[in-house]
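Pasting entry.cif here (mmCIF, C-alpha atoms):
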data_run
#
loop_
_atom_site.label_atom_id
_atom_site.label_comp_id
_atom_site.auth_asym_id
_atom_site.auth_seq_id
_atom_site.Cartn_x
_atom_site.Cartn_y
_atom_site.Cartn_z
CA MET G 112 43.27 -50.48 86.41
CA THR G 113 42.32 -49.69 82.81
CA ILE G 114 38.82 -48.39 82.18
CA PHE G 115 37.26 -48.84 78.76
CA VAL G 116 33.90 -48.76 76.99
CA ARG G 117 32.40 -51.53 74.86
CA PRO G 118 29.02 -52.10 73.18
CA VAL G 119 26.45 -54.32 74.88
CA ASP G 120 24.88 -57.30 73.12
CA HIS G 121 21.22 -57.15 74.13
CA GLY G 122 20.80 -60.80 73.23
CA SER G 123 23.43 -62.30 75.51
CA GLU G 124 24.11 -59.52 78.03
CA SER G 125 20.67 -58.25 79.00
CA GLN G 126 20.92 -59.74 82.51
CA GLU G 127 24.22 -57.97 83.14
CA LEU G 128 22.68 -54.74 81.85
CA LEU G 129 19.66 -55.17 84.13
CA SER G 130 21.95 -55.85 87.11
CA ILE G 131 23.90 -52.63 86.74
CA LEU G 132 20.67 -50.67 86.18
CA HIS G 133 19.07 -52.19 89.29
CA ALA G 134 22.14 -51.47 91.40
CA ASN G 135 22.41 -47.82 90.40
CA LEU G 136 18.92 -46.73 89.30
CA PRO G 137 16.88 -48.73 91.84
CA ALA G 138 13.67 -46.72 91.55
CA LEU G 139 12.71 -48.17 88.15
CA PRO G 140 11.29 -51.66 87.47
CA HIS G 141 13.79 -52.30 84.67
CA GLU G 142 12.71 -55.87 83.80
CA ARG G 143 9.14 -54.85 83.14
CA ARG G 144 10.08 -52.21 80.62
CA PHE G 145 13.18 -53.81 79.07
CA ASP G 146 11.66 -55.46 75.98
CA TRP G 147 9.34 -52.54 75.34
CA LEU G 148 12.05 -49.89 75.62
CA TYR G 149 15.14 -51.64 74.31
CA ARG G 150 13.74 -54.00 71.68
CA ASN G 151 10.23 -53.04 70.54
CA ASN G 152 10.58 -49.32 69.81
CA PRO G 153 9.22 -48.82 66.26
CA ASP G 154 12.09 -46.38 65.62
CA GLY G 155 14.57 -49.19 66.20
CA PRO G 156 16.37 -51.08 68.96
CA ALA G 157 18.51 -49.25 71.50
CA TRP G 158 22.28 -49.04 71.48
CA SER G 159 23.90 -49.71 74.84
CA TRP G 160 27.42 -49.54 76.20
CA PHE G 161 29.20 -50.81 79.29
CA VAL G 162 32.09 -49.05 80.92
CA CYS G 163 34.34 -51.73 82.37
CA GLU G 164 37.24 -51.83 84.77
CA GLY G 165 39.67 -54.53 83.79
CA PRO G 166 38.50 -57.50 81.79
CA GLY G 167 35.32 -58.45 83.61
CA ARG G 168 33.96 -55.78 85.93
CA VAL G 169 31.10 -53.65 84.58
CA VAL G 170 30.97 -50.35 86.47
CA GLY G 171 28.52 -48.37 84.38
CA THR G 172 26.20 -48.28 81.41
CA THR G 173 24.22 -46.00 79.18
CA SER G 174 21.90 -46.41 76.21
CA LEU G 175 20.74 -44.47 73.21
CA PHE G 176 17.09 -44.83 72.26
CA PRO G 177 16.18 -43.98 68.66
CA ARG G 178 13.66 -41.13 68.23
CA SER G 179 12.29 -40.08 64.86
CA MET G 180 12.21 -36.29 64.66
CA TRP G 181 11.31 -33.48 62.35
CA VAL G 182 14.48 -31.45 62.02
CA GLY G 183 13.05 -28.45 60.24
CA ASP G 184 10.97 -29.91 57.44
CA LYS G 185 13.07 -33.06 57.13
CA PRO G 186 12.32 -36.33 58.93
CA LYS G 187 15.47 -37.64 60.61
CA MET G 188 16.36 -40.38 63.00
CA CYS G 189 17.88 -39.11 66.23
CA GLY G 190 18.69 -40.70 69.57
CA GLN G 191 17.96 -39.94 73.20
CA VAL G 192 20.50 -40.85 75.86
CA GLY G 193 19.00 -42.62 78.84
CA ASP G 194 19.54 -45.16 81.61
CA PHE G 195 22.89 -43.55 82.42
CA ALA G 196 24.15 -45.45 85.46
CA ILE G 197 27.57 -45.55 87.09
CA ALA G 198 28.61 -47.34 90.28
CA SER G 199 29.08 -44.88 93.14
CA SER G 200 32.74 -45.91 93.44
CA HIS G 201 33.36 -44.78 89.85
CA ARG G 202 31.66 -41.39 89.69
CA SER G 203 34.97 -39.70 89.08
CA LEU G 204 33.88 -38.20 85.76
CA GLY G 205 36.29 -40.22 83.60
CA PRO G 206 33.97 -43.26 83.21
CA ALA G 207 31.01 -40.92 82.56
CA LEU G 208 32.99 -39.11 79.88
CA LEU G 209 33.80 -42.40 78.16
CA LEU G 210 30.13 -43.38 78.15
CA GLN G 211 28.94 -39.98 76.98
CA ARG G 212 31.42 -40.04 74.11
CA ALA G 213 30.26 -43.55 73.16
CA THR G 214 26.76 -42.16 72.55
CA PHE G 215 28.25 -39.87 69.89
CA TRP G 216 29.45 -42.86 67.88
CA PRO G 217 26.19 -43.60 65.96
CA VAL G 218 26.01 -39.89 65.11
CA ASP G 219 29.59 -39.78 63.84
CA GLN G 220 28.91 -42.95 61.81
CA GLY G 221 25.92 -41.26 60.15
CA ALA G 222 23.28 -43.59 61.65
CA LEU G 223 21.68 -40.69 63.56
CA ALA G 224 21.33 -36.99 62.74
CA PHE G 225 21.94 -36.05 66.37
CA CYS G 226 21.74 -37.47 69.85
CA TYR G 227 20.64 -35.65 72.95
CA ASP G 228 20.57 -35.94 76.69
CA CYS G 229 18.26 -34.20 79.16
CA PRO G 230 20.09 -33.84 82.48
CA PRO G 231 17.49 -32.94 85.11
CA HIS G 232 19.98 -31.51 87.61
CA PRO G 233 23.31 -29.61 87.56
CA ALA G 234 25.39 -32.71 88.37
CA GLY G 235 24.17 -34.25 85.13
CA MET G 236 25.71 -31.35 83.23
CA SER G 237 29.23 -32.09 84.51
CA THR G 238 30.28 -34.31 81.60
CA PHE G 239 29.01 -31.71 79.14
CA HIS G 240 30.92 -28.93 80.91
CA ARG G 241 34.06 -31.04 80.58
CA LEU G 242 33.29 -31.71 76.90
CA GLY G 243 32.78 -28.00 76.31
CA MET G 244 29.12 -28.47 75.34
CA ARG G 245 26.36 -26.06 76.29
CA PRO G 246 22.62 -26.70 76.58
CA ASN G 247 20.61 -26.17 73.40
CA CYS G 248 17.45 -25.41 75.32
CA ARG G 249 15.83 -25.62 78.73
CA ILE G 250 12.64 -27.39 79.73
CA ASP G 251 10.55 -25.70 82.41
CA ARG G 252 7.67 -26.92 84.50
CA TYR G 253 4.46 -24.88 84.29
CA ALA G 254 1.53 -25.48 86.62
CA LEU G 255 -2.10 -24.55 86.95
CA PRO G 256 -3.37 -25.01 90.51
CA MET G 257 -6.96 -26.25 90.63
CA ARG G 258 -7.40 -27.01 94.33
CA VAL G 259 -5.52 -26.12 97.51
CA ASP G 260 -6.69 -28.93 99.83
CA ARG G 261 -3.25 -30.50 100.11
CA ILE G 262 -1.43 -27.17 100.55
CA ALA G 263 -3.93 -26.13 103.22
CA LEU G 264 -3.37 -29.40 105.05
CA GLU G 265 0.43 -29.39 104.74
CA LYS G 266 1.29 -25.71 105.11
CA LEU G 267 -1.47 -24.33 107.34
CA ARG G 268 -1.96 -27.53 109.34
CA VAL G 269 -5.52 -26.60 110.22
CA ALA G 270 -8.33 -29.01 110.91
CA SER G 271 -10.99 -26.68 109.55
CA ALA G 272 -12.01 -27.16 105.93
CA PHE G 273 -12.72 -23.44 105.57
CA PRO G 274 -9.31 -22.19 104.28
CA ALA G 275 -9.16 -24.92 101.65
CA ALA G 276 -12.76 -24.30 100.57
CA ALA G 277 -12.12 -20.56 100.34
CA GLY G 278 -8.94 -21.14 98.33
CA ASN G 279 -10.67 -23.58 95.99
CA LEU G 280 -13.45 -21.05 95.41
CA VAL G 281 -10.94 -18.31 94.51
CA LEU G 282 -9.18 -20.62 92.04
CA TRP G 283 -12.52 -21.70 90.56
CA LEU G 284 -13.61 -18.08 90.08
CA GLY G 285 -10.29 -17.29 88.41
CA ARG G 286 -10.74 -20.16 85.98
CA ARG G 287 -14.32 -19.13 85.20
CA TRP G 288 -13.04 -15.63 84.42
CA THR G 289 -10.36 -17.08 82.11
CA SER G 290 -12.77 -19.46 80.37
CA ARG G 291 -15.27 -16.66 79.75
CA ARG G 292 -12.57 -14.69 77.95
CA MET G 293 -11.03 -17.72 76.23
CA ALA G 294 -13.75 -20.05 75.03
CA GLY G 295 -12.45 -22.86 72.81
CA SER G 296 -14.41 -23.78 69.72
CA LEU G 297 -13.09 -27.26 68.92
CA GLU G 298 -14.97 -30.41 69.89
CA VAL G 299 -13.00 -32.27 72.55
CA SER G 300 -13.55 -35.93 73.35
CA GLU G 301 -11.66 -38.82 74.90
CA HIS G 302 -9.77 -41.04 72.48
CA VAL G 303 -9.74 -44.68 73.49
CA GLY G 304 -8.06 -47.55 71.71
CA PRO G 305 -5.18 -47.39 69.28
CA PHE G 306 -4.03 -44.32 67.38
CA GLY G 307 -5.00 -44.46 63.71
CA GLU G 308 -3.59 -43.05 60.50
CA GLU G 309 -5.24 -39.64 61.04
CA PHE G 310 -2.57 -39.05 63.71
CA SER G 311 0.21 -39.87 61.24
CA HIS G 312 -1.40 -37.46 58.80
CA LEU G 313 -1.54 -34.69 61.42
CA ASP G 314 2.15 -35.26 62.19
CA ALA G 315 3.07 -35.04 58.52
CA VAL G 316 1.23 -31.79 57.79
CA ILE G 317 2.68 -29.85 60.73
CA LYS G 318 6.28 -29.09 59.87
CA LYS G 319 8.11 -25.82 60.00
CA PRO G 320 11.56 -25.02 58.65
CA ASP G 321 12.89 -23.69 61.95
CA VAL G 322 11.40 -26.19 64.40
CA ILE G 323 12.70 -29.42 65.97
CA ARG G 324 10.17 -31.83 67.44
CA ALA G 325 9.49 -35.55 67.83
CA ARG G 326 7.46 -37.30 65.15
CA ARG G 327 4.05 -38.51 66.21
CA SER G 328 3.20 -41.27 63.77
CA ALA G 329 0.47 -43.73 64.77
CA ALA G 330 3.12 -46.45 65.25
CA VAL G 331 5.16 -44.32 67.64
CA LEU G 332 2.09 -43.11 69.55
CA ASN G 333 0.75 -46.65 69.97
CA TRP G 334 4.08 -47.88 71.22
CA ARG G 335 4.63 -44.95 73.57
CA TYR G 336 1.15 -44.54 75.01
CA ARG G 337 -0.73 -47.79 74.48
CA GLU G 338 2.02 -50.38 74.95
CA ASP G 339 3.97 -48.79 77.82
CA PRO G 340 4.13 -51.55 80.46
CA LEU G 341 4.57 -49.11 83.36
CA GLN G 342 2.10 -46.35 82.69
CA GLN G 343 -1.40 -45.76 81.36
CA TYR G 344 -2.31 -42.56 79.58
CA GLU G 345 -5.51 -40.71 78.81
CA VAL G 346 -5.83 -39.07 75.42
CA LEU G 347 -8.12 -36.20 74.44
CA THR G 348 -8.65 -35.15 70.83
CA ALA G 349 -9.79 -31.76 69.53
CA ARG G 350 -11.70 -31.86 66.26
CA SER G 351 -13.43 -29.47 63.90
CA LYS G 352 -16.31 -31.02 61.93
CA GLY G 353 -14.85 -34.42 62.74
CA GLU G 354 -11.37 -33.62 61.46
CA LEU G 355 -8.53 -34.17 63.93
CA LYS G 356 -6.87 -30.85 64.74
CA ALA G 357 -4.93 -31.62 67.93
CA PHE G 358 -4.57 -33.99 70.82
CA ALA G 359 -3.34 -34.05 74.40
CA VAL G 360 -1.84 -36.99 76.25
CA LEU G 361 -2.26 -37.05 80.03
CA ARG G 362 -0.62 -38.99 82.81
CA VAL G 363 -2.95 -38.95 85.78
CA THR G 364 -1.82 -39.65 89.33
CA SER G 365 -3.85 -39.27 92.50
CA GLU G 366 -3.27 -35.51 92.76
CA VAL G 367 -1.56 -34.25 89.61
CA VAL G 368 -2.50 -34.35 85.95
CA THR G 369 0.56 -34.07 83.72
CA ILE G 370 0.13 -32.96 80.13
CA VAL G 371 2.79 -35.22 78.64
CA ASP G 372 2.06 -34.00 75.13
CA LEU G 373 -0.11 -31.38 73.49
CA PHE G 374 0.24 -31.29 69.75
CA GLY G 375 -1.68 -30.12 66.74
CA THR G 376 -2.55 -27.49 64.22
CA GLU G 377 -4.36 -24.25 65.09
CA LEU G 378 -2.41 -24.46 68.33
CA HIS G 379 -3.94 -21.40 69.98
CA GLU G 380 -7.49 -22.67 69.55
CA ALA G 381 -6.47 -26.25 70.28
CA THR G 382 -4.64 -25.37 73.51
CA ILE G 383 -7.62 -23.41 74.82
CA SER G 384 -10.09 -26.16 73.94
CA LEU G 385 -7.96 -29.00 75.31
CA ILE G 386 -6.91 -27.27 78.53
CA SER G 387 -10.49 -26.17 79.21
CA ALA G 388 -11.61 -29.77 78.81
CA ILE G 389 -8.80 -31.06 81.05
CA VAL G 390 -9.68 -28.59 83.78
CA GLU G 391 -13.38 -29.41 83.56
CA ARG G 392 -12.58 -33.11 83.78
CA PHE G 393 -10.25 -32.99 86.78
CA GLU G 394 -10.99 -29.81 88.77
CA ARG G 395 -13.05 -31.58 91.41
CA THR G 396 -10.62 -34.42 91.99
CA HIS G 397 -7.06 -33.19 91.34
CA GLN G 398 -4.85 -30.47 92.80
CA THR G 399 -2.78 -29.37 89.82
CA VAL G 400 -2.35 -29.62 86.07
CA GLU G 401 1.28 -29.40 84.99
CA ALA G 402 3.11 -29.22 81.68
CA PHE G 403 6.77 -29.26 80.69
CA LEU G 404 7.65 -26.87 77.88
CA ALA G 405 10.87 -25.83 76.17
CA THR G 406 11.89 -22.20 76.33
CA GLY G 407 10.89 -20.38 73.17
CA CYS G 408 8.26 -22.85 72.02
CA GLU G 409 5.04 -21.47 70.62
CA SER G 410 2.75 -23.18 73.15
CA ILE G 411 4.08 -21.27 76.18
CA GLY G 412 2.07 -18.15 75.37
CA HIS G 413 -1.11 -20.21 75.06
CA PHE G 414 -0.49 -21.96 78.38
CA LEU G 415 0.17 -18.63 80.11
CA LYS G 416 -3.11 -17.27 78.73
CA MET G 417 -4.83 -20.26 80.32
CA SER G 418 -3.35 -19.17 83.70
CA PHE G 419 -0.47 -21.66 83.83
CA ARG G 420 2.55 -20.22 85.63
CA LEU G 421 6.26 -21.00 85.44
CA ARG G 422 7.18 -23.04 88.50
CA SER G 423 10.67 -24.49 88.09
CA GLU G 424 13.46 -25.55 85.79
CA ALA G 425 13.00 -29.22 84.87
CA ALA G 426 15.88 -30.17 82.55
CA HIS G 427 18.39 -28.98 80.02
CA VAL G 428 18.65 -30.43 76.53
CA VAL G 429 22.18 -30.95 75.23
CA ALA G 430 22.47 -32.18 71.65
CA TYR G 431 25.41 -33.55 69.72
CA ALA G 432 25.54 -33.50 65.91
CA LYS G 433 28.46 -34.40 63.68
CA PRO G 434 30.67 -31.30 63.51
CA GLN G 435 30.21 -29.31 60.29
CA GLY G 436 27.39 -31.61 59.20
CA GLU G 437 23.98 -30.46 57.96
CA THR G 438 22.30 -31.01 61.33
CA SER G 439 25.10 -29.30 63.21
CA LEU G 440 24.66 -26.20 61.05
CA PHE G 441 20.90 -26.38 61.58
CA LEU G 442 21.37 -26.49 65.35
CA GLN G 443 23.77 -23.56 65.24
CA GLY G 444 20.98 -21.54 63.58
CA ARG G 445 19.12 -21.58 66.90
CA PRO G 446 15.99 -23.46 65.87
CA ILE G 447 12.86 -23.57 68.00
CA TRP G 448 12.67 -26.67 70.17
CA ALA G 449 8.91 -27.25 70.18
CA TRP G 450 9.20 -29.77 72.97
CA ASN G 451 6.78 -31.10 75.55
CA GLN G 452 7.58 -33.66 78.21
CA VAL G 453 7.31 -36.44 75.64
CA GLU G 454 10.60 -35.49 74.00
CA THR G 455 12.52 -35.51 77.25
CA ARG G 456 11.18 -38.72 78.79
CA VAL G 457 12.87 -41.94 77.73
CA MET L 22 52.85 -37.22 116.10
CA ALA L 23 51.41 -37.34 112.60
CA THR L 24 52.97 -35.04 110.06
CA VAL L 25 50.66 -32.95 107.89
CA CYS L 26 51.52 -32.83 104.23
CA PRO L 27 50.99 -29.29 102.90
CA MET L 28 49.55 -30.57 99.64
CA ASN L 29 47.01 -32.75 101.47
CA GLU L 30 46.17 -29.74 103.63
CA ARG L 31 45.51 -27.48 100.66
CA ILE L 32 43.30 -30.09 99.00
CA ARG L 33 41.50 -30.80 102.24
CA SER L 34 40.82 -27.08 102.77
CA PHE L 35 39.27 -26.88 99.32
CA VAL L 36 37.11 -29.97 99.90
CA LEU L 37 35.93 -28.72 103.30
CA ASP L 38 35.24 -25.27 101.94
CA LYS L 39 33.38 -26.42 98.85
CA PHE L 40 31.43 -29.52 99.89
CA PRO L 41 29.05 -29.23 102.86
CA LEU L 42 28.88 -32.99 103.38
CA ALA L 43 32.65 -33.05 104.03
CA ARG L 44 32.24 -30.45 106.78
CA LYS L 45 29.62 -32.55 108.53
CA ARG L 46 32.04 -35.44 108.87
CA ASN L 47 35.39 -35.65 110.54
CA LEU L 48 37.06 -36.04 107.16
CA LYS L 49 40.27 -38.06 107.07
CA ASP L 50 42.69 -38.06 104.16
CA SER L 51 41.94 -41.72 103.55
CA ASP L 52 38.14 -41.35 103.49
CA GLU L 53 36.30 -42.33 100.32
CA LEU L 54 35.03 -39.16 98.65
CA LEU L 55 33.09 -40.76 95.80
CA GLU L 56 31.36 -43.69 97.46
CA SER L 57 30.47 -41.64 100.52
CA GLY L 58 28.70 -39.14 98.27
CA ILE L 59 30.89 -36.20 99.36
CA LEU L 60 31.86 -35.73 95.73
CA ASP L 61 29.52 -36.26 92.79
CA SER L 62 30.55 -35.79 89.18
CA LEU L 63 29.98 -32.05 89.37
CA GLY L 64 32.10 -31.97 92.51
CA VAL L 65 34.86 -33.84 90.70
CA LEU L 66 34.65 -31.21 87.96
CA ASP L 67 35.13 -28.45 90.56
CA LEU L 68 37.97 -30.35 92.18
CA VAL L 69 39.71 -30.91 88.83
CA SER L 70 39.43 -27.20 87.99
CA TYR L 71 40.88 -26.42 91.41
CA VAL L 72 43.92 -28.72 91.14
CA GLU L 73 44.59 -27.56 87.58
CA GLN L 74 44.65 -23.91 88.64
CA GLU L 75 46.19 -24.31 92.08
CA PHE L 76 49.03 -26.66 91.06
CA LEU L 77 49.39 -25.54 87.42
CA ILE L 78 48.86 -28.99 85.96
CA GLY L 79 46.63 -30.34 83.20
CA VAL L 80 44.32 -33.29 83.88
CA ALA L 81 43.39 -35.43 80.88
CA ASP L 82 40.00 -37.14 80.60
CA ASP L 83 41.56 -40.57 80.96
CA GLU L 84 43.13 -39.51 84.26
CA LEU L 85 39.72 -38.77 85.79
CA LEU L 86 39.61 -42.19 87.38
CA PRO L 87 38.65 -43.34 90.88
CA GLU L 88 42.23 -44.34 91.59
CA ASN L 89 43.25 -40.68 91.24
CA PHE L 90 40.29 -38.99 92.93
CA GLN L 91 38.96 -41.45 95.49
CA THR L 92 40.57 -39.92 98.58
CA ILE L 93 42.51 -36.81 99.53
CA ASP L 94 45.64 -38.96 99.82
CA ARG L 95 45.18 -40.22 96.26
CA ILE L 96 44.48 -36.77 94.87
CA ALA L 97 47.65 -35.48 96.55
CA ALA L 98 49.68 -38.39 95.17
CA PHE L 99 48.26 -37.79 91.70
CA VAL L 100 49.05 -34.07 91.84
CA GLU L 101 52.53 -34.84 93.10
CA SER L 102 53.16 -37.29 90.26
CA LYS L 103 52.04 -34.65 87.76
CA THR L 104 54.08 -31.82 89.24
CA LYS L 105 57.21 -33.99 89.19
CA HIS L 106 57.00 -33.96 85.43
CA ILE L 107 56.95 -30.18 85.25
CA ILE L 108 60.45 -28.89 84.58
#
As a first step, turn the structure in this file into structure tokens.
Amino acid sequence: MTIFVRPVDHGSESQELLSILHANLPALPHERRFDWLYRNNPDGPAWSWFVCEGPGRVVGTTSLFPRSMWVGDKPKMCGQVGDFAIASSHRSLGPALLLQRATFWPVDQGALAFCYDCPPHPAGMSTFHRLGMRPNCRIDRYALPMRVDRIALEKLRVASAFPAAAGNLVLWLGRRWTSRRMAGSLEVSEHVGPFGEEFSHLDAVIKKPDVIRARRSAAVLNWRYREDPLQQYEVLTARSKGELKAFAVLRVTSEVVTIVDLFGTELHEATISLISAIVERFERTHQTVEAFLATGCESIGHFLKMSFRLRSEAAHVVAYAKPQGETSLFLQGRPIWAWNQVETRV
Amino acid sequence: MATVCPMNERIRSFVLDKFPLARKRNLKDSDELLESGILDSLGVLDLVSYVEQEFLIGVADDELLPENFQTIDRIAAFVESKTKHII
């Protein structure tokens, strides 16, 4: 039976798209996020494709979500591959290759500077191996343990609270030692409500010729963090004499605080101030603070100084740019991927 | 008495050697490799590299279809159809 790829019409085929997503990526509540993710993104609507067997049977899908980026000091529209789903009976690589190649189409047409995918596990790299593409960078998980209650309960299986209390005390003393050496000087406070134009201004002033990163305009931040139908975020700002210098976006679950984004100018000072505030805010109630950082990005050194430690590999970033084009040459120059988790999460 | 096709046997040996899930089951040549989860896309990639090197054939992207890689029987038939064309 012939297998082929075709574009999806989000107007008339959204139910079919949702069906194949539900069947193959069952963990996500696709209906609840569909309009937000596919239609209301301020960077533009998603592109989607079906891979079909014969005339009527959809056996897989993927989408490309527009992301505005700074590529060096130039603002460019890029695209992130996501919602890649193939029926288990058709995971023979061929259908995946057809879908992956389809995501290159808007790039080849000049609508996007580059597209990228972030496979979180080796199996996700198989299509790229076949296409002869290598990762452009790696995203690693860094963690700062704040409490050991859960580890004491799970690993030691002891009823006594003493080991956990002793462990928590050791971690607390370590943090006090770090904070005495690394006192931040910016004023940190919680930011509630929408993001305003000062965030767009901050995004516009921080650009470097050798760095790739997502744009953080107020419109994008409001969509991503204030309108997300599945997730609520906490935002902390770091200011000097009232002027916005940096901000951190946190996703808080019952035990873990994830720094989804930490961005700003005077990054050394900002990282110290923001992480100190995060620790102070959550050290009595949460086990761990974690962050996802790209290899080679400037923030890693600051996180390490604040006692974060490398824990595991989280994803690879594989980018496709039109061969011989301006962006392709830029990527070949080994730019710095100043990426947090925000760039890798759809 | 069932006859054992040498090509099936060579492919089966590779699958058993490479994929732990195949070893846990009493794998038959007609068993689904993809739907059962024995092979994922990375596994298919390994299997394709193996048949290309072992049987000196080239596998095009548009041949990486379930009908060619779903079972050991189908892989063997696919390899056989490719080797027939080699003069």
Practice item. For chain L, list the residues within 7 Å of chain G, counting all atoms listed in the file, and write the list as a list in words. Key: Leu55, Glu56, Asp61, Ser62, Leu63, Val65, Leu66, Asp82, Asp83, Glu84, Leu85, Leu86, Pro87 and Phe90 of chain L
Point to revise | Polymer residues at most 9 Å from Leu442 (chain G), all atoms listed in the file, same-chain spacing of 3 or more positions, as a PyMOL selection string | key: chain G and resi 247+430+432+437-439+445-446
Could you make a table, as CSV, of the residues of region 325-438 of chain G that have an atom within 6 Å of an atom of region 308-321 of chain G, each with its nearest atom pair and distance in Å to one decimal, counting all atoms listed in the file, in chain and number order?
residue,atom,partner,partner_atom,distance
G:Arg327,CA,G:Asp314,CA,5.5
G:Ser328,CA,G:Ser311,CA,4.2
G:Ala329,CA,G:Ser311,CA,5.2
**Study point:** Atomic distance CA of Lys433 (chain G) - CA of Arg249 (chain G), expressed in Å with one decimal
**Key:**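 CA of Arg249 (chain G) lies 21.5 Å from CA of Lys433 (chain G).
Of note, CA of Val363 (chain G) and CA of Tyr344 (chain G) are spaced 7.2 Å apart.
Look at region 385-392 of chain G: the protein and nucleic acid residues within 7 Å of it, using all atoms listed in the file and passing over chain neighbours fewer than 5 places away, are Val299, Ala349 and Ala359 of chain G.
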Exercise for review: Take the PyMOL selection byres ((chain L and resi 93-96) around 7), apply it to the structure above, and return the hits as a PyMOL selection string.
Suggested key: chain L and resi 29+32-33+50-51+88-92+97-100
Review point. For Ala357 (chain G), which residue among G:Pro231, G:Gly375, G:Gly436, G:Pro340 is the nearest when counting all atoms listed in the file?
Key: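 Of the candidates, the smallest distance to Ala357 (chain G) is held by G:Gly375.
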Practice item. Return as a list in words the set of residues that the PyMOL selection byres ((chain G and resi 282-286) around 10) yields on the displayed structure. Key: Leu255, Pro256, Met257, Arg258, Val259, Ala276, Ala277, Gly278, Asn279, Leu280, Val281, Arg287, Trp288, Thr289, Ser290, Arg291, Arg292, Ser387, Val390, Glu391, Glu394, Arg395, Met417 and Ser418 of chain G
Check your understanding: How far is it from CA of Glu454 (chain G) to CA of Arg324 (chain G), in Å with one decimal?
Key ->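 Interatomic distance, CA of Glu454 (chain G) to CA of Arg324 (chain G): 7.5 Å.
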Exercise for review: Check the smallest atom-to-atom distance from each of G:Glu127, G:Ser410, G:Asp260, G:Arg245 to Ala272 (chain G) using all atoms listed in the file, then report the winner.
Suggested key: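 Closest residue, counting all atoms listed in the file: G:Asp260.
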Point to revise | Residues selected by the PyMOL selection byres ((chain G and resi 360) around 6), written as a PyMOL selection string | key: chain G and resi 345-346+359+361+370-372
Where's the centre, and what are the edge lengths in Å to one decimal, of a box along x, y and z enclosing all listed atoms of region 217-233 of chain G padded 4 Å per side, as lines of an AutoDock Vina configuration file?
center_x = 23.5
center_y = -36.6
center_z = 73.9
size_x = 20.1
size_y = 22.0
size_z = 35.5
Check your understanding: Pick the closest to Ala224 (chain G) from G:Arg178, G:Arg362, G:Arg212, G:Arg261: which is it, counting all atoms listed in the file?
Key -> G:Arg178
Name the residues in contact with region 34-39 of chain L at a cut-off of 10 Å, using all atoms listed in the file, excluding same-chain residues fewer than 2 positions from it; report them as a PDB file with C-alpha atoms, in the coordinates of the input.
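Full text of part_11.pdb as output:
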ATOM      1  CA  MET L  28      49.550 -30.570  99.640  1.00  0.00           C
ATOM      2  CA  ASN L  29      47.010 -32.750 101.470  1.00  0.00           C
ATOM      3  CA  GLU L  30      46.170 -29.740 103.630  1.00  0.00           C
ATOM      4  CA  ARG L  31      45.510 -27.480 100.660  1.00  0.00           C
ATOM      5  CA  ILE L  32      43.300 -30.090  99.000  1.00  0.00           C
ATOM      6  CA  PRO L  41      29.050 -29.230 102.860  1.00  0.00           C
ATOM      7  CA  LEU L  42      28.880 -32.990 103.380  1.00  0.00           C
ATOM      8  CA  ALA L  43      32.650 -33.050 104.030  1.00  0.00           C
ATOM      9  CA  ARG L  44      32.240 -30.450 106.780  1.00  0.00           C
ATOM     10  CA  LYS L  45      29.620 -32.550 108.530  1.00  0.00           C
ATOM     11  CA  ARG L  46      32.040 -35.440 108.870  1.00  0.00           C
ATOM     12  CA  LEU L  48      37.060 -36.040 107.160  1.00  0.00           C
ATOM     13  CA  LEU L  54      35.030 -39.160  98.650  1.00  0.00           C
ATOM     14  CA  ILE L  59      30.890 -36.200  99.360  1.00  0.00           C
ATOM     15  CA  LEU L  60      31.860 -35.730  95.730  1.00  0.00           C
ATOM     16  CA  GLY L  64      32.100 -31.970  92.510  1.00  0.00           C
ATOM     17  CA  ASP L  67      35.130 -28.450  90.560  1.00  0.00           C
ATOM     18  CA  LEU L  68      37.970 -30.350  92.180  1.00  0.00           C
ATOM     19  CA  TYR L  71      40.880 -26.420  91.410  1.00  0.00           C
ATOM     20  CA  VAL L  72      43.920 -28.720  91.140  1.00  0.00           C
ATOM     21  CA  ILE L  93      42.510 -36.810  99.530  1.00  0.00           C
TER      22      ILE L  93
END
Revision key, fill the gap. Of G:Asn151, G:Ser423, G:Ser123, G:Gln220, the one sitting nearest Ala402 (chain G) when using only C-alpha atoms is G:Ser423
